[in-house]
file upload-v1.cif (mmCIF, N, CA and C atoms)
data_run
loop_
_atom_site.group_PDB
_atom_site.id
_atom_site.type_symbol
_atom_site.label_atom_id
_atom_site.label_comp_id
_atom_site.auth_asym_id
_atom_site.auth_seq_id
_atom_site.Cartn_x
_atom_site.Cartn_y
_atom_site.Cartn_z
ATOM 1 N N MET E 1 0.823 -1.192 0.000
ATOM 2 C CA MET E 1 0.000 0.000 0.000
ATOM 3 C C MET E 1 0.864 1.251 0.000
ATOM 4 N N GLY E 2 2.073 1.149 0.492
ATOM 5 C CA GLY E 2 2.920 2.321 0.580
ATOM 6 C C GLY E 2 3.324 2.879 -0.771
ATOM 7 N N MET E 3 3.314 2.078 -1.801
ATOM 8 C CA MET E 3 3.676 2.555 -3.133
ATOM 9 C C MET E 3 2.452 2.970 -3.954
ATOM 10 N N ILE E 4 1.269 2.576 -3.518
ATOM 11 C CA ILE E 4 0.068 2.893 -4.288
ATOM 12 C C ILE E 4 -0.324 4.351 -4.126
ATOM 13 N N TYR E 5 -0.325 4.860 -2.902
ATOM 14 C CA TYR E 5 -0.816 6.222 -2.667
ATOM 15 C C TYR E 5 -0.014 7.292 -3.389
ATOM 16 N N PRO E 6 1.312 7.275 -3.359
ATOM 17 C CA PRO E 6 2.036 8.306 -4.125
ATOM 18 C C PRO E 6 1.758 8.225 -5.622
ATOM 19 N N ASN E 7 1.588 7.014 -6.140
ATOM 20 C CA ASN E 7 1.302 6.868 -7.566
ATOM 21 C C ASN E 7 -0.094 7.370 -7.915
ATOM 22 N N LEU E 8 -1.070 7.144 -7.052
ATOM 23 C CA LEU E 8 -2.410 7.641 -7.323
ATOM 24 C C LEU E 8 -2.448 9.161 -7.290
ATOM 25 N N ILE E 9 -1.743 9.755 -6.345
ATOM 26 C CA ILE E 9 -1.692 11.215 -6.277
ATOM 27 C C ILE E 9 -0.984 11.772 -7.508
ATOM 28 N N ALA E 10 0.083 11.114 -7.957
ATOM 29 C CA ALA E 10 0.771 11.551 -9.180
ATOM 30 C C ALA E 10 -0.149 11.413 -10.390
ATOM 31 N N LEU E 11 -0.973 10.370 -10.427
ATOM 32 C CA LEU E 11 -1.912 10.195 -11.526
ATOM 33 C C LEU E 11 -2.932 11.330 -11.547
ATOM 34 N N VAL E 12 -3.443 11.702 -10.389
ATOM 35 C CA VAL E 12 -4.383 12.825 -10.315
ATOM 36 C C VAL E 12 -3.707 14.091 -10.819
ATOM 37 N N ASN E 13 -2.464 14.322 -10.410
ATOM 38 C CA ASN E 13 -1.737 15.510 -10.863
ATOM 39 C C ASN E 13 -1.519 15.493 -12.370
ATOM 40 N N ASP E 14 -1.298 14.336 -12.954
ATOM 41 C CA ASP E 14 -1.086 14.234 -14.393
ATOM 42 C C ASP E 14 -2.367 14.470 -15.187
ATOM 43 N N LYS E 15 -3.505 14.129 -14.612
ATOM 44 C CA LYS E 15 -4.760 14.177 -15.350
ATOM 45 C C LYS E 15 -5.444 15.544 -15.328
ATOM 46 N N VAL E 16 -5.036 16.435 -14.466
ATOM 47 C CA VAL E 16 -5.701 17.744 -14.380
ATOM 48 C C VAL E 16 -4.713 18.839 -14.751
ATOM 49 N N GLY E 17 -5.254 19.976 -15.105
ATOM 50 C CA GLY E 17 -4.415 21.120 -15.422
ATOM 51 C C GLY E 17 -3.798 21.712 -14.159
ATOM 52 N N GLU E 18 -2.807 22.563 -14.365
ATOM 53 C CA GLU E 18 -2.086 23.127 -13.218
ATOM 54 C C GLU E 18 -2.975 23.973 -12.317
ATOM 55 N N GLY E 19 -3.935 24.659 -12.890
ATOM 56 C CA GLY E 19 -4.771 25.561 -12.104
ATOM 57 C C GLY E 19 -5.769 24.877 -11.195
ATOM 58 N N SER E 20 -6.058 23.614 -11.444
ATOM 59 C CA SER E 20 -7.092 22.941 -10.658
ATOM 60 C C SER E 20 -6.565 21.724 -9.908
ATOM 61 N N ARG E 21 -5.272 21.634 -9.716
ATOM 62 C CA ARG E 21 -4.723 20.458 -9.022
ATOM 63 C C ARG E 21 -5.152 20.382 -7.567
ATOM 64 N N GLY E 22 -5.187 21.498 -6.896
ATOM 65 C CA GLY E 22 -5.595 21.474 -5.492
ATOM 66 C C GLY E 22 -7.017 20.990 -5.315
ATOM 67 N N LYS E 23 -7.910 21.480 -6.163
ATOM 68 C CA LYS E 23 -9.308 21.062 -6.084
ATOM 69 C C LYS E 23 -9.449 19.581 -6.452
ATOM 70 N N ALA E 24 -8.701 19.149 -7.470
ATOM 71 C CA ALA E 24 -8.772 17.744 -7.888
ATOM 72 C C ALA E 24 -8.272 16.824 -6.778
ATOM 73 N N LEU E 25 -7.174 17.196 -6.127
ATOM 74 C CA LEU E 25 -6.678 16.372 -5.020
ATOM 75 C C LEU E 25 -7.656 16.367 -3.851
ATOM 76 N N GLY E 26 -8.324 17.480 -3.642
ATOM 77 C CA GLY E 26 -9.346 17.529 -2.594
ATOM 78 C C GLY E 26 -10.486 16.577 -2.871
ATOM 79 N N TYR E 27 -10.966 16.566 -4.120
ATOM 80 C CA TYR E 27 -12.026 15.628 -4.494
ATOM 81 C C TYR E 27 -11.548 14.187 -4.376
ATOM 82 N N TYR E 28 -10.353 13.920 -4.836
ATOM 83 C CA TYR E 28 -9.795 12.562 -4.755
ATOM 84 C C TYR E 28 -9.746 12.092 -3.303
ATOM 85 N N ARG E 29 -9.210 12.931 -2.432
ATOM 86 C CA ARG E 29 -9.110 12.544 -1.024
ATOM 87 C C ARG E 29 -10.479 12.398 -0.369
ATOM 88 N N LEU E 30 -11.432 13.259 -0.770
ATOM 89 C CA LEU E 30 -12.785 13.167 -0.223
ATOM 90 C C LEU E 30 -13.397 11.807 -0.535
ATOM 91 N N TYR E 31 -13.339 11.408 -1.805
ATOM 92 C CA TYR E 31 -13.957 10.137 -2.186
ATOM 93 C C TYR E 31 -13.183 8.946 -1.649
ATOM 94 N N ARG E 32 -11.871 9.030 -1.608
ATOM 95 C CA ARG E 32 -11.072 7.930 -1.070
ATOM 96 C C ARG E 32 -11.352 7.746 0.419
ATOM 97 N N ASP E 33 -11.337 8.831 1.161
ATOM 98 C CA ASP E 33 -11.557 8.735 2.605
ATOM 99 C C ASP E 33 -13.003 8.376 2.933
ATOM 100 N N SER E 34 -13.945 8.836 2.118
ATOM 101 C CA SER E 34 -15.344 8.449 2.319
ATOM 102 C C SER E 34 -15.527 6.949 2.103
ATOM 103 N N GLY E 35 -14.797 6.406 1.141
ATOM 104 C CA GLY E 35 -14.856 4.959 0.909
ATOM 105 C C GLY E 35 -14.331 4.168 2.092
ATOM 106 N N TYR E 36 -13.254 4.678 2.708
ATOM 107 C CA TYR E 36 -12.736 4.010 3.906
ATOM 108 C C TYR E 36 -13.774 4.026 5.024
ATOM 109 N N GLY E 37 -14.416 5.157 5.212
ATOM 110 C CA GLY E 37 -15.415 5.261 6.278
ATOM 111 C C GLY E 37 -16.622 4.386 6.018
ATOM 112 N N ALA E 38 -17.118 4.410 4.782
ATOM 113 C CA ALA E 38 -18.300 3.611 4.444
ATOM 114 C C ALA E 38 -17.993 2.113 4.544
ATOM 115 N N ALA E 39 -16.814 1.725 4.069
ATOM 116 C CA ALA E 39 -16.451 0.308 4.142
ATOM 117 C C ALA E 39 -16.306 -0.143 5.590
ATOM 118 N N GLY E 40 -15.723 0.705 6.406
ATOM 119 C CA GLY E 40 -15.546 0.346 7.814
ATOM 120 C C GLY E 40 -16.858 0.190 8.559
ATOM 121 N N LEU E 41 -17.879 0.907 8.113
ATOM 122 C CA LEU E 41 -19.181 0.805 8.768
ATOM 123 C C LEU E 41 -20.061 -0.294 8.167
ATOM 124 N N LEU E 42 -20.006 -0.469 6.851
ATOM 125 C CA LEU E 42 -20.931 -1.383 6.191
ATOM 126 C C LEU E 42 -20.452 -2.832 6.126
ATOM 127 N N LEU E 43 -19.156 -3.031 5.914
ATOM 128 C CA LEU E 43 -18.681 -4.410 5.742
ATOM 129 C C LEU E 43 -18.884 -5.294 6.974
ATOM 130 N N PRO E 44 -18.672 -4.807 8.187
ATOM 131 C CA PRO E 44 -18.974 -5.688 9.331
ATOM 132 C C PRO E 44 -20.453 -6.077 9.402
ATOM 133 N N LEU E 45 -21.341 -5.156 9.015
ATOM 134 C CA LEU E 45 -22.765 -5.491 9.024
ATOM 135 C C LEU E 45 -23.093 -6.533 7.965
ATOM 136 N N LEU E 46 -22.476 -6.390 6.792
ATOM 137 C CA LEU E 46 -22.686 -7.395 5.744
ATOM 138 C C LEU E 46 -22.108 -8.745 6.146
ATOM 139 N N TYR E 47 -20.976 -8.728 6.833
ATOM 140 C CA TYR E 47 -20.361 -9.966 7.305
ATOM 141 C C TYR E 47 -21.280 -10.684 8.299
ATOM 142 N N ILE E 48 -21.865 -9.933 9.190
ATOM 143 C CA ILE E 48 -22.757 -10.532 10.190
ATOM 144 C C ILE E 48 -23.995 -11.126 9.510
ATOM 145 N N LYS E 49 -24.537 -10.396 8.529
ATOM 146 C CA LYS E 49 -25.779 -10.839 7.892
ATOM 147 C C LYS E 49 -25.561 -11.959 6.867
ATOM 148 N N PHE E 50 -24.491 -11.858 6.047
ATOM 149 C CA PHE E 50 -24.334 -12.791 4.928
ATOM 150 C C PHE E 50 -23.164 -13.754 5.070
ATOM 151 N N GLY E 51 -22.240 -13.497 5.967
ATOM 152 C CA GLY E 51 -21.084 -14.369 6.112
ATOM 153 C C GLY E 51 -19.888 -13.862 5.315
ATOM 154 N N PHE E 52 -18.760 -14.511 5.550
ATOM 155 C CA PHE E 52 -17.498 -14.045 4.971
ATOM 156 C C PHE E 52 -17.455 -14.189 3.457
ATOM 157 N N SER E 53 -17.819 -15.349 2.940
ATOM 158 C CA SER E 53 -17.653 -15.595 1.500
ATOM 159 C C SER E 53 -18.558 -14.698 0.665
ATOM 160 N N ASP E 54 -19.801 -14.497 1.092
ATOM 161 C CA ASP E 54 -20.700 -13.625 0.331
ATOM 162 C C ASP E 54 -20.260 -12.169 0.398
ATOM 163 N N THR E 55 -19.755 -11.739 1.544
ATOM 164 C CA THR E 55 -19.258 -10.368 1.668
ATOM 165 C C THR E 55 -18.037 -10.170 0.783
ATOM 166 N N LEU E 56 -17.144 -11.136 0.759
ATOM 167 C CA LEU E 56 -15.959 -11.050 -0.097
ATOM 168 C C LEU E 56 -16.359 -11.048 -1.571
ATOM 169 N N LEU E 57 -17.344 -11.839 -1.930
ATOM 170 C CA LEU E 57 -17.845 -11.862 -3.296
ATOM 171 C C LEU E 57 -18.441 -10.509 -3.680
ATOM 172 N N LEU E 58 -19.172 -9.884 -2.782
ATOM 173 C CA LEU E 58 -19.760 -8.579 -3.044
ATOM 174 C C LEU E 58 -18.689 -7.517 -3.268
ATOM 175 N N VAL E 59 -17.656 -7.521 -2.449
ATOM 176 C CA VAL E 59 -16.561 -6.556 -2.598
ATOM 177 C C VAL E 59 -15.861 -6.757 -3.935
ATOM 178 N N GLY E 60 -15.603 -7.988 -4.309
ATOM 179 C CA GLY E 60 -14.991 -8.265 -5.605
ATOM 180 C C GLY E 60 -15.874 -7.844 -6.760
ATOM 181 N N LEU E 61 -17.170 -8.076 -6.643
ATOM 182 C CA LEU E 61 -18.111 -7.687 -7.688
ATOM 183 C C LEU E 61 -18.155 -6.163 -7.840
ATOM 184 N N LEU E 62 -18.145 -5.439 -6.732
ATOM 185 C CA LEU E 62 -18.127 -3.977 -6.806
ATOM 186 C C LEU E 62 -16.863 -3.467 -7.485
ATOM 187 N N GLN E 63 -15.740 -4.111 -7.237
ATOM 188 C CA GLN E 63 -14.500 -3.700 -7.890
ATOM 189 C C GLN E 63 -14.571 -3.935 -9.392
ATOM 190 N N VAL E 64 -15.152 -5.045 -9.814
ATOM 191 C CA VAL E 64 -15.280 -5.331 -11.239
ATOM 192 C C VAL E 64 -16.239 -4.340 -11.901
ATOM 193 N N ILE E 65 -17.310 -3.981 -11.205
ATOM 194 C CA ILE E 65 -18.280 -3.039 -11.754
ATOM 195 C C ILE E 65 -17.640 -1.676 -12.021
ATOM 196 N N PHE E 66 -16.719 -1.247 -11.151
ATOM 197 C CA PHE E 66 -16.136 0.084 -11.281
ATOM 198 C C PHE E 66 -14.888 0.132 -12.153
ATOM 199 N N ILE E 67 -14.493 -0.973 -12.769
ATOM 200 C CA ILE E 67 -13.325 -0.970 -13.655
ATOM 201 C C ILE E 67 -13.478 0.006 -14.819
ATOM 202 N N PRO E 68 -14.642 0.112 -15.479
ATOM 203 C CA PRO E 68 -14.739 1.062 -16.594
ATOM 204 C C PRO E 68 -14.446 2.512 -16.211
ATOM 205 N N PHE E 69 -14.626 2.865 -14.959
ATOM 206 C CA PHE E 69 -14.357 4.228 -14.527
ATOM 207 C C PHE E 69 -12.863 4.536 -14.494
ATOM 208 N N LEU E 70 -12.028 3.516 -14.575
ATOM 209 C CA LEU E 70 -10.585 3.726 -14.541
ATOM 210 C C LEU E 70 -10.016 4.131 -15.890
ATOM 211 N N PHE E 71 -10.742 3.885 -16.964
ATOM 212 C CA PHE E 71 -10.216 4.174 -18.290
ATOM 213 C C PHE E 71 -10.295 5.655 -18.597
ATOM 214 N N ASP E 72 -9.315 6.134 -19.343
ATOM 215 C CA ASP E 72 -9.198 7.548 -19.670
ATOM 216 C C ASP E 72 -10.153 7.898 -20.799
ATOM 217 N N LYS E 73 -11.171 8.678 -20.479
ATOM 218 C CA LYS E 73 -12.140 9.081 -21.492
ATOM 219 C C LYS E 73 -11.679 10.321 -22.246
ATOM 220 N N ASN E 74 -10.693 11.037 -21.717
ATOM 221 C CA ASN E 74 -10.192 12.248 -22.383
ATOM 222 C C ASN E 74 -9.059 11.947 -23.345
ATOM 223 N N GLN E 75 -8.594 10.742 -23.392
ATOM 224 C CA GLN E 75 -7.538 10.294 -24.297
ATOM 225 C C GLN E 75 -6.298 11.183 -24.230
ATOM 226 N N GLY E 76 -5.784 11.373 -23.032
ATOM 227 C CA GLY E 76 -4.528 12.081 -22.854
ATOM 228 C C GLY E 76 -4.649 13.565 -22.603
ATOM 229 N N LYS E 77 -5.833 14.140 -22.832
ATOM 230 C CA LYS E 77 -6.001 15.569 -22.572
ATOM 231 C C LYS E 77 -6.242 15.776 -21.082
ATOM 232 N N PRO E 78 -5.763 16.891 -20.525
ATOM 233 C CA PRO E 78 -5.999 17.139 -19.108
ATOM 234 C C PRO E 78 -7.487 17.295 -18.811
ATOM 235 N N MET E 79 -7.897 16.762 -17.678
ATOM 236 C CA MET E 79 -9.275 16.919 -17.243
ATOM 237 C C MET E 79 -9.444 18.323 -16.695
ATOM 238 N N SER E 80 -10.628 18.867 -16.813
ATOM 239 C CA SER E 80 -10.856 20.194 -16.253
ATOM 240 C C SER E 80 -11.906 20.090 -15.157
ATOM 241 N N ILE E 81 -11.660 20.802 -14.110
ATOM 242 C CA ILE E 81 -12.623 20.892 -13.026
ATOM 243 C C ILE E 81 -13.180 22.305 -13.091
ATOM 244 N N THR E 82 -14.471 22.394 -13.312
ATOM 245 C CA THR E 82 -15.049 23.715 -13.518
ATOM 246 C C THR E 82 -15.077 24.485 -12.214
ATOM 247 N N LYS E 83 -14.809 25.743 -12.340
ATOM 248 C CA LYS E 83 -14.848 26.618 -11.177
ATOM 249 C C LYS E 83 -16.263 27.130 -11.008
ATOM 250 N N SER E 84 -16.649 27.347 -9.765
ATOM 251 C CA SER E 84 -17.949 27.918 -9.535
ATOM 252 C C SER E 84 -17.918 29.384 -9.950
ATOM 253 N N PRO E 85 -18.996 29.875 -10.538
ATOM 254 C CA PRO E 85 -18.979 31.264 -10.997
ATOM 255 C C PRO E 85 -18.840 32.214 -9.818
ATOM 256 N N ARG E 86 -17.965 33.180 -9.981
ATOM 257 C CA ARG E 86 -17.760 34.159 -8.921
ATOM 258 C C ARG E 86 -18.688 35.342 -9.144
ATOM 259 N N ARG E 87 -19.164 35.827 -8.047
ATOM 260 C CA ARG E 87 -19.987 37.021 -8.124
ATOM 261 C C ARG E 87 -19.072 38.232 -8.191
ATOM 262 N N GLU E 88 -19.347 39.051 -9.124
ATOM 263 C CA GLU E 88 -18.538 40.266 -9.247
ATOM 264 C C GLU E 88 -19.203 41.361 -8.436
ATOM 265 N N SER E 89 -18.417 42.021 -7.627
ATOM 266 C CA SER E 89 -18.976 43.119 -6.841
ATOM 267 C C SER E 89 -18.797 44.408 -7.617
ATOM 268 N N HIS E 90 -19.876 45.115 -7.739
ATOM 269 C CA HIS E 90 -19.855 46.401 -8.443
ATOM 270 C C HIS E 90 -19.936 47.496 -7.405
ATOM 271 N N SER E 91 -18.904 48.264 -7.334
ATOM 272 C CA SER E 91 -18.928 49.371 -6.377
ATOM 273 C C SER E 91 -19.351 50.643 -7.106
ATOM 274 N N SER E 92 -20.214 51.408 -6.467
ATOM 275 C CA SER E 92 -20.723 52.615 -7.105
ATOM 276 C C SER E 92 -19.907 53.823 -6.722
#

call {"tool": "encode", "arguments": {"input": "upload-v1.cif", "output": "structure tokens"}}
result
Amino acid sequence: MGMIYPNLIALVNDKVGEGSRGKALGYYRLYRDSGYGAAGLLLPLLYIKFGFSDTLLLVGLLQVIFIPFLFDKNQGKPMSITKSPRRESHSS
């Protein structure tokens, strides 16, 4: 696991433009950490209800389902994260 995290962060940096790297890393960490929290809460409940083998099968099935999301749909172009529109203040 120690070699995976630096590579994933480098991948995020490679896929976004320079101006939106901070926001992209924030989103990446949000979803990664949310997954840790959700898994920590849900998997023990699934284990109690369905047993070890069915829970392991479910986790494997979820990983297979999300494989298409790993492919690059931009074909090498940097991804853009849209900025929220800023309100311009007009001083009189």

call {"tool": "residues_around", "arguments": {"input": "upload-v1.cif", "residues": "stretch 55-61 of chain E", "least_positions_apart": "6", "cutoff": "8 Å", "atoms": "all atoms listed in the file", "output": "PDB file with N, CA and C atoms, in the coordinates of the input"}}
result
ATOM      1  N   LEU E  43     -19.156  -3.031   5.914  1.00  0.00           N
ATOM      2  CA  LEU E  43     -18.681  -4.410   5.742  1.00  0.00           C
ATOM      3  C   LEU E  43     -18.884  -5.294   6.974  1.00  0.00           C
ATOM      4  N   LEU E  46     -22.476  -6.390   6.792  1.00  0.00           N
ATOM      5  CA  LEU E  46     -22.686  -7.395   5.744  1.00  0.00           C
ATOM      6  C   LEU E  46     -22.108  -8.745   6.146  1.00  0.00           C
ATOM      7  N   TYR E  47     -20.976  -8.728   6.833  1.00  0.00           N
ATOM      8  CA  TYR E  47     -20.361  -9.966   7.305  1.00  0.00           C
ATOM      9  C   TYR E  47     -21.280 -10.684   8.299  1.00  0.00           C
ATOM     10  N   ILE E  48     -21.865  -9.933   9.190  1.00  0.00           N
ATOM     11  CA  ILE E  48     -22.757 -10.532  10.190  1.00  0.00           C
ATOM     12  C   ILE E  48     -23.995 -11.126   9.510  1.00  0.00           C
ATOM     13  N   LYS E  49     -24.537 -10.396   8.529  1.00  0.00           N
ATOM     14  CA  LYS E  49     -25.779 -10.839   7.892  1.00  0.00           C
ATOM     15  C   LYS E  49     -25.561 -11.959   6.867  1.00  0.00           C
TER      16      LYS E  49
END

call {"tool": "atom_distance", "arguments": {"input": "upload-v1.cif", "atom1": "atom N of E:Leu62", "atom2": "atom C of E:Leu30"}}
result
18.9 Å

call {"tool": "atom_distance", "arguments": {"input": "upload-v1.cif", "atom1": "atom CA of E:Val12", "atom2": "atom CA of E:Tyr27"}}
result
10.0 Å

call {"tool": "atom_distance", "arguments": {"input": "upload-v1.cif", "atom1": "atom CA of E:Gly35", "atom2": "atom CA of E:Gly51"}}
result
21.0 Å

call {"tool": "closest_residue", "arguments": {"input": "upload-v1.cif", "among": "E:Leu8, E:Val64, E:Pro44, E:Ser53", "to": "E:Arg32", "atoms": "only C-alpha atoms"}}
result
E:Leu8
